[in-house]
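S.K.: I'm passing along final_37.cif; it holds mmCIF, C-alpha atoms.
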data_coords
#
loop_
_atom_site.label_atom_id
_atom_site.label_comp_id
_atom_site.auth_asym_id
_atom_site.auth_seq_id
_atom_site.Cartn_x
_atom_site.Cartn_y
_atom_site.Cartn_z
CA MET Z 925 9.75 10.90 8.72
CA THR Z 926 7.72 13.03 6.31
CA PRO Z 927 4.92 11.52 4.20
CA ASP Z 928 6.96 12.42 1.11
CA ALA Z 929 9.99 10.50 2.41
CA MET Z 930 7.78 7.54 3.28
CA ILE Z 931 6.29 7.45 -0.24
CA GLN Z 932 9.81 7.74 -1.68
CA ALA Z 933 10.75 4.64 0.34
CA ALA Z 934 7.63 2.84 -0.93
CA LEU Z 935 8.57 3.78 -4.52
CA GLU Z 936 12.02 2.27 -4.00
CA VAL Z 937 10.49 -0.96 -2.69
CA ALA Z 938 8.12 -0.99 -5.68
CA GLU Z 939 11.16 -0.70 -7.97
CA GLU Z 940 12.57 -3.86 -6.38
CA GLY Z 941 9.36 -5.67 -7.20
CA LEU Z 942 9.29 -4.30 -10.74
CA ALA Z 943 12.86 -5.52 -11.28
CA ARG Z 944 11.66 -9.00 -10.30
CA GLY Z 945 8.72 -8.94 -12.71
CA GLU Z 946 6.07 -8.01 -10.17
CA MET Z 947 3.56 -5.19 -10.38
CA PRO Z 948 5.24 -2.04 -9.06
CA ILE Z 949 3.45 -1.76 -5.74
CA GLY Z 950 5.55 -1.13 -2.65
CA ALA Z 951 4.77 -0.36 0.98
CA VAL Z 952 6.58 0.65 4.13
CA VAL Z 953 5.45 0.75 7.75
CA GLU Z 954 6.97 3.50 9.89
CA MET Z 955 6.99 4.07 13.63
CA GLY Z 956 8.94 6.73 15.50
CA GLY Z 957 10.77 7.92 12.41
CA GLN Z 958 12.04 4.44 11.49
CA ILE Z 959 10.85 2.08 8.79
CA ILE Z 960 10.08 -1.14 10.64
CA ALA Z 961 8.79 -3.19 7.68
CA SER Z 962 8.59 -3.05 3.90
CA ALA Z 963 7.35 -5.26 1.07
CA TYR Z 964 6.37 -5.30 -2.57
CA THR Z 965 3.48 -7.17 -4.12
CA GLN Z 966 4.44 -10.80 -4.84
CA ASP Z 967 1.65 -12.26 -6.98
CA ARG Z 968 4.05 -13.85 -9.47
CA ALA Z 969 6.73 -15.00 -7.03
CA GLN Z 970 4.29 -16.67 -4.67
CA GLY Z 971 1.63 -17.63 -7.20
CA ARG Z 972 -1.05 -16.36 -4.83
CA ARG Z 973 -3.50 -13.47 -4.74
CA LEU Z 974 -3.41 -12.25 -1.14
CA VAL Z 975 0.18 -11.02 -1.24
CA HIS Z 976 -0.38 -7.28 -1.58
CA ALA Z 977 2.57 -5.06 -0.69
CA ASP Z 978 0.75 -3.24 2.08
CA LEU Z 979 -0.62 -6.44 3.60
CA LEU Z 980 2.82 -8.11 3.58
CA ALA Z 981 4.46 -5.04 5.13
CA MET Z 982 1.81 -4.87 7.84
CA ILE Z 983 2.19 -8.58 8.61
CA ALA Z 984 5.94 -8.06 9.01
CA ALA Z 985 5.34 -5.04 11.26
CA ASP Z 986 2.83 -7.02 13.34
CA GLN Z 987 5.38 -9.82 13.77
CA ALA Z 988 8.02 -7.30 14.85
CA LEU Z 989 5.74 -5.40 17.24
CA GLY Z 990 3.60 -8.14 18.71
CA TRP Z 991 1.28 -6.97 21.47
CA ARG Z 992 3.79 -4.60 23.11
CA PRO Z 993 2.61 -1.06 23.82
CA ARG Z 994 3.60 1.47 21.17
CA ALA Z 995 5.39 4.64 22.09
CA HIS Z 996 4.73 6.17 18.65
CA ARG Z 997 2.05 6.28 16.01
CA LEU Z 998 2.07 3.56 13.35
CA ARG Z 999 2.02 4.84 9.77
CA LEU Z 1000 1.78 3.10 6.41
CA ALA Z 1001 2.91 4.41 3.03
CA VAL Z 1002 2.00 2.69 -0.22
CA ASN Z 1003 2.61 3.97 -3.70
CA LEU Z 1004 -0.93 2.81 -4.68
CA GLU Z 1005 -4.12 3.44 -2.72
CA PRO Z 1006 -4.86 0.46 -0.45
CA CYS Z 1007 -7.71 -1.88 -1.32
CA LEU Z 1008 -10.51 -2.77 1.08
CA MET Z 1009 -8.71 -5.89 2.33
CA CYS Z 1010 -5.63 -3.87 3.20
CA LEU Z 1011 -7.73 -1.15 4.83
CA GLY Z 1012 -9.21 -3.82 7.12
CA ALA Z 1013 -5.73 -5.08 7.96
CA ALA Z 1014 -4.62 -1.51 8.76
CA MET Z 1015 -7.60 -1.09 11.06
CA ALA Z 1016 -6.84 -4.37 12.85
CA LEU Z 1017 -3.17 -3.38 13.24
CA LYS Z 1018 -4.25 0.07 14.47
CA VAL Z 1019 -2.41 2.02 11.81
CA ASP Z 1020 -2.97 5.71 12.51
CA GLU Z 1021 -2.18 7.21 9.11
CA VAL Z 1022 -1.94 5.95 5.54
CA PHE Z 1023 -0.19 7.86 2.78
CA PHE Z 1024 -0.40 6.84 -0.86
CA GLY Z 1025 0.76 8.10 -4.21
CA LEU Z 1026 -1.81 7.14 -6.82
CA GLU Z 1027 -5.52 6.57 -6.38
CA SER Z 1028 -6.99 3.26 -7.52
CA PRO Z 1029 -10.56 3.99 -8.65
CA ALA Z 1030 -11.49 0.33 -9.22
CA ASP Z 1031 -10.60 -0.94 -5.75
CA GLY Z 1032 -9.24 1.87 -3.58
CA SER Z 1033 -10.57 2.24 -0.06
CA SER Z 1034 -10.07 5.89 0.89
CA GLY Z 1035 -13.73 6.72 0.21
CA ILE Z 1036 -14.85 3.86 2.43
CA ALA Z 1037 -12.46 4.95 5.16
CA ALA Z 1038 -13.80 8.50 5.05
CA ALA Z 1039 -17.40 7.29 5.38
CA TRP Z 1040 -16.78 4.58 8.00
CA PRO Z 1041 -19.32 4.86 10.82
CA PRO Z 1042 -17.82 4.59 14.30
CA SER Z 1043 -19.19 1.86 16.53
CA PRO Z 1044 -19.51 2.09 20.31
CA ASP Z 1045 -19.00 -1.69 20.42
CA LEU Z 1046 -15.51 -1.45 18.88
CA PRO Z 1047 -14.31 2.11 19.51
CA TRP Z 1048 -10.72 1.20 18.64
CA TYR Z 1049 -11.64 -0.32 15.24
CA VAL Z 1050 -11.50 2.81 13.15
CA PRO Z 1051 -9.96 3.51 9.78
CA PRO Z 1052 -6.71 5.45 9.66
CA SER Z 1053 -6.62 8.89 8.13
CA MET Z 1054 -5.71 8.56 4.46
CA THR Z 1055 -3.82 11.09 2.34
CA GLY Z 1056 -3.20 10.50 -1.36
CA GLY Z 1057 -1.54 12.15 -4.31
CA ILE Z 1058 2.00 12.11 -2.91
CA ARG Z 1059 4.51 11.63 -5.75
CA ARG Z 1060 1.58 10.61 -7.94
CA ALA Z 1061 3.36 11.18 -11.29
CA GLU Z 1062 6.25 8.92 -10.23
CA VAL Z 1063 3.83 6.13 -9.39
CA GLN Z 1064 2.12 6.49 -12.77
CA ASP Z 1065 5.55 6.27 -14.40
CA GLN Z 1066 6.24 3.00 -12.57
CA PHE Z 1067 2.99 1.57 -13.87
CA ARG Z 1068 3.78 2.78 -17.43
CA ARG Z 1069 7.08 0.94 -17.29
CA TYR Z 1070 5.35 -2.17 -15.92
CA CYS Z 1071 2.88 -2.09 -18.83
CA GLU Z 1072 5.73 -1.80 -21.34
CA ARG Z 1073 7.57 -4.82 -19.88
CA SER Z 1074 4.81 -7.21 -18.89
CA GLU Z 1075 2.89 -9.71 -20.95
CA ASP Z 1076 -0.76 -9.10 -21.72
CA SER Z 1077 -2.89 -10.03 -18.73
CA GLY Z 1078 -5.73 -8.77 -16.61
CA PHE Z 1079 -3.17 -7.14 -14.32
CA ARG Z 1080 -1.57 -5.27 -17.22
CA ARG Z 1081 -4.94 -4.11 -18.53
CA TRP Z 1082 -5.84 -2.85 -15.05
CA ALA Z 1083 -2.42 -1.19 -14.64
CA ARG Z 1084 -2.92 0.58 -17.97
CA THR Z 1085 -6.08 2.24 -16.55
CA LEU Z 1086 -3.94 3.69 -13.77
CA THR Z 1087 -1.51 5.22 -16.27
CA GLU Z 1088 -4.42 6.89 -18.07
CA LEU Z 1089 -5.84 8.67 -15.03
CA PRO Z 1090 -5.86 12.47 -15.54
#
Can you give me the file's structure in the form of structure tokens?
M.R.:
Amino acid sequence: MTPDAMIQAALEVAEEGLARGEMPIGAVVEMGGQIIASAYTQDRAQGRRLVHADLLAMIAADQALGWRPRAHRLRLAVNLEPCLMCLGAAMALKVDEVFFGLESPADGSSGIAAAWPPSPDLPWYVPPSMTGGIRRAEVQDQFRRYCERSEDSGFRRWARTLTELP
């Protein structure tokens, strides 16, 4: 599955969330050309904070995979750059590659991933490679539509900053 196709799938999942009044953030986990898990952010539905799309998708993938050996690389696609919490989850799950659409300057983790120092004590605990900017304009459009529909809140004010990125 191409990174573009994976981001397209994440955009579709984000649309599901947007239709349910959530922020339009969607994620898919892919292995061997198949999407094995997907989720959208569920802050409103669950009334909790730690329900990011990428984290929920990785939890579902972890439940599906368990400890069994993997024949293929594990890849994550999110329409918005993962935060530090979700980067840590990706490292623990041993995600090999992350693709995202729109950067998130306030809380994105790609810069941290790029500068992560390897440790001889945990040689397997390394950040995945991260590639952004895939279908970026479509992600910005999703956030514009979210801002038009949602009530004034901290989330909407933050989302507005994403729509104003050059």
S.K.: Hey, what comes out of the PyMOL selection byres ((chain Z and resi 978) around 9) on this file? Could you write it as a list in words?
M.R.: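 So the PyMOL selection byres ((chain Z and resi 978) around 9), applied here, picks out Ile949, Gly950, Ala951, Val952, Val953, Ser962, Ala963, Tyr964, Thr965, Val975, His976, Ala977, Leu979, Leu980, Ala981, Met982, Ile983, Leu1000, Ala1001, Val1002, Pro1006, Cys1010, Ala1013 and Ala1014 of chain Z.
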S.K.: Applying the PyMOL selection byres ((chain Z and resi 1068-1081) around 10) to the file I just gave you, which residues come out? Please list them as a ChimeraX atom specification.
M.R.: /Z:939,942-943,945-948,1062-1067,1082-1088
S.K.: How would the residues just chosen look if you wrote them out with C-alpha atoms as a short mmCIF file (atom, residue, chain, number, x, y, z; two decimals), in the frame of the given file?
M.R.:
data_model
loop_
_atom_site.label_atom_id
_atom_site.label_comp_id
_atom_site.auth_asym_id
_atom_site.auth_seq_id
_atom_site.Cartn_x
_atom_site.Cartn_y
_atom_site.Cartn_z
CA GLU Z 939 11.16 -0.70 -7.97
CA LEU Z 942 9.29 -4.30 -10.74
CA ALA Z 943 12.86 -5.52 -11.28
CA GLY Z 945 8.72 -8.94 -12.71
CA GLU Z 946 6.07 -8.01 -10.17
CA MET Z 947 3.56 -5.19 -10.38
CA PRO Z 948 5.24 -2.04 -9.06
CA GLU Z 1062 6.25 8.92 -10.23
CA VAL Z 1063 3.83 6.13 -9.39
CA GLN Z 1064 2.12 6.49 -12.77
CA ASP Z 1065 5.55 6.27 -14.40
CA GLN Z 1066 6.24 3.00 -12.57
CA PHE Z 1067 2.99 1.57 -13.87
CA TRP Z 1082 -5.84 -2.85 -15.05
CA ALA Z 1083 -2.42 -1.19 -14.64
CA ARG Z 1084 -2.92 0.58 -17.97
CA THR Z 1085 -6.08 2.24 -16.55
CA LEU Z 1086 -3.94 3.69 -13.77
CA THR Z 1087 -1.51 5.22 -16.27
CA GLU Z 1088 -4.42 6.89 -18.07
#
S.K.: Find the residue from Z:Ala969, Z:Ala1061, Z:Cys1007, Z:Ala995 that sits nearest to Ser1028 of chain Z; use all atoms listed in the file when measuring.
M.R.: Z:Cys1007
S.K.: For a quick check of understanding, using only C-alpha atoms, which of Z:Phe1024, Z:Gly971, Z:Ala933, Z:Leu1008 has the smallest distance to Gln958 of chain Z?
M.R.: Z:Ala933
S.K.: Between atom CA of Arg968 of chain Z and atom CA of Met1054 of chain Z, what is the distance in Å, rounded to a tenth?
M.R.: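 Between atom CA of Arg968 of chain Z and atom CA of Met1054 of chain Z the gap is 28.1 Å.
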S.K.: Give me, please, the distance in Å between atom CA of Val1019 of chain Z and atom CA of Glu940 of chain Z, quoted to one decimal.
M.R.: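 Value for the atom CA of Val1019 of chain Z-atom CA of Glu940 of chain Z distance: 24.3 Å.
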S.K.: Might you spell out which residues the PyMOL selection byres ((chain Z and resi 1018) around 9) would select in the displayed file, as a count of residues only?
M.R.: 14
S.K.: Rank Z:Leu1011, Z:Thr1055, Z:Ala985, Z:Pro1047 by their smallest atom-to-atom distance to Asp1031 of chain Z, using only C-alpha atoms, and report the top residue only.
M.R.: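 Distance minimum relative to Asp1031 of chain Z lands on Z:Leu1011.
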S.K.: Would you list the contacts of Leu1026 of chain Z as a list of chain:residue names, taking every protein, DNA or RNA residue within 8 Å and counting all atoms listed in the file, but skipping same-chain residues closer than 5 positions in sequence?
M.R.: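 Result of the neighbour search: Z:Asn1003, Z:Leu1004, Z:Glu1005, Z:Gly1056, Z:Gly1057, Z:Ile1058, Z:Arg1059, Z:Arg1060, Z:Ala1061, Z:Val1063, Z:Gln1064.
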S.K.: Which is closest to Ala961 of chain Z among Z:Arg994, Z:Ser1053, Z:Asp986, Z:Arg944, if we use only C-alpha atoms?
M.R.: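 Using only C-alpha atoms, Ala961 of chain Z sits closest to Z:Asp986.
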S.K.: To one decimal in Å, tell me the separation between atom CA of Arg999 of chain Z and atom CA of Thr926 of chain Z.
M.R.: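 Atom CA of Arg999 of chain Z sits 10.6 Å away from atom CA of Thr926 of chain Z.
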S.K.: For a quick check of understanding, using all atoms listed in the file, which of Z:Val937, Z:His996, Z:Leu989, Z:Leu974 has the smallest distance to Gly956 of chain Z?
M.R.: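 Of all the options, Z:His996 lies closest to Gly956 of chain Z.
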S.K.: Ranking Z:Ala938, Z:Leu1089, Z:Met955, Z:Ile1036 by minimum distance to Glu1021 of chain Z and counting only C-alpha atoms, which one comes first?
M.R.: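 Checking each of Z:Ala938, Z:Leu1089, Z:Met955, Z:Ile1036 against Glu1021 of chain Z, counting only C-alpha atoms, the winner is Z:Met955.
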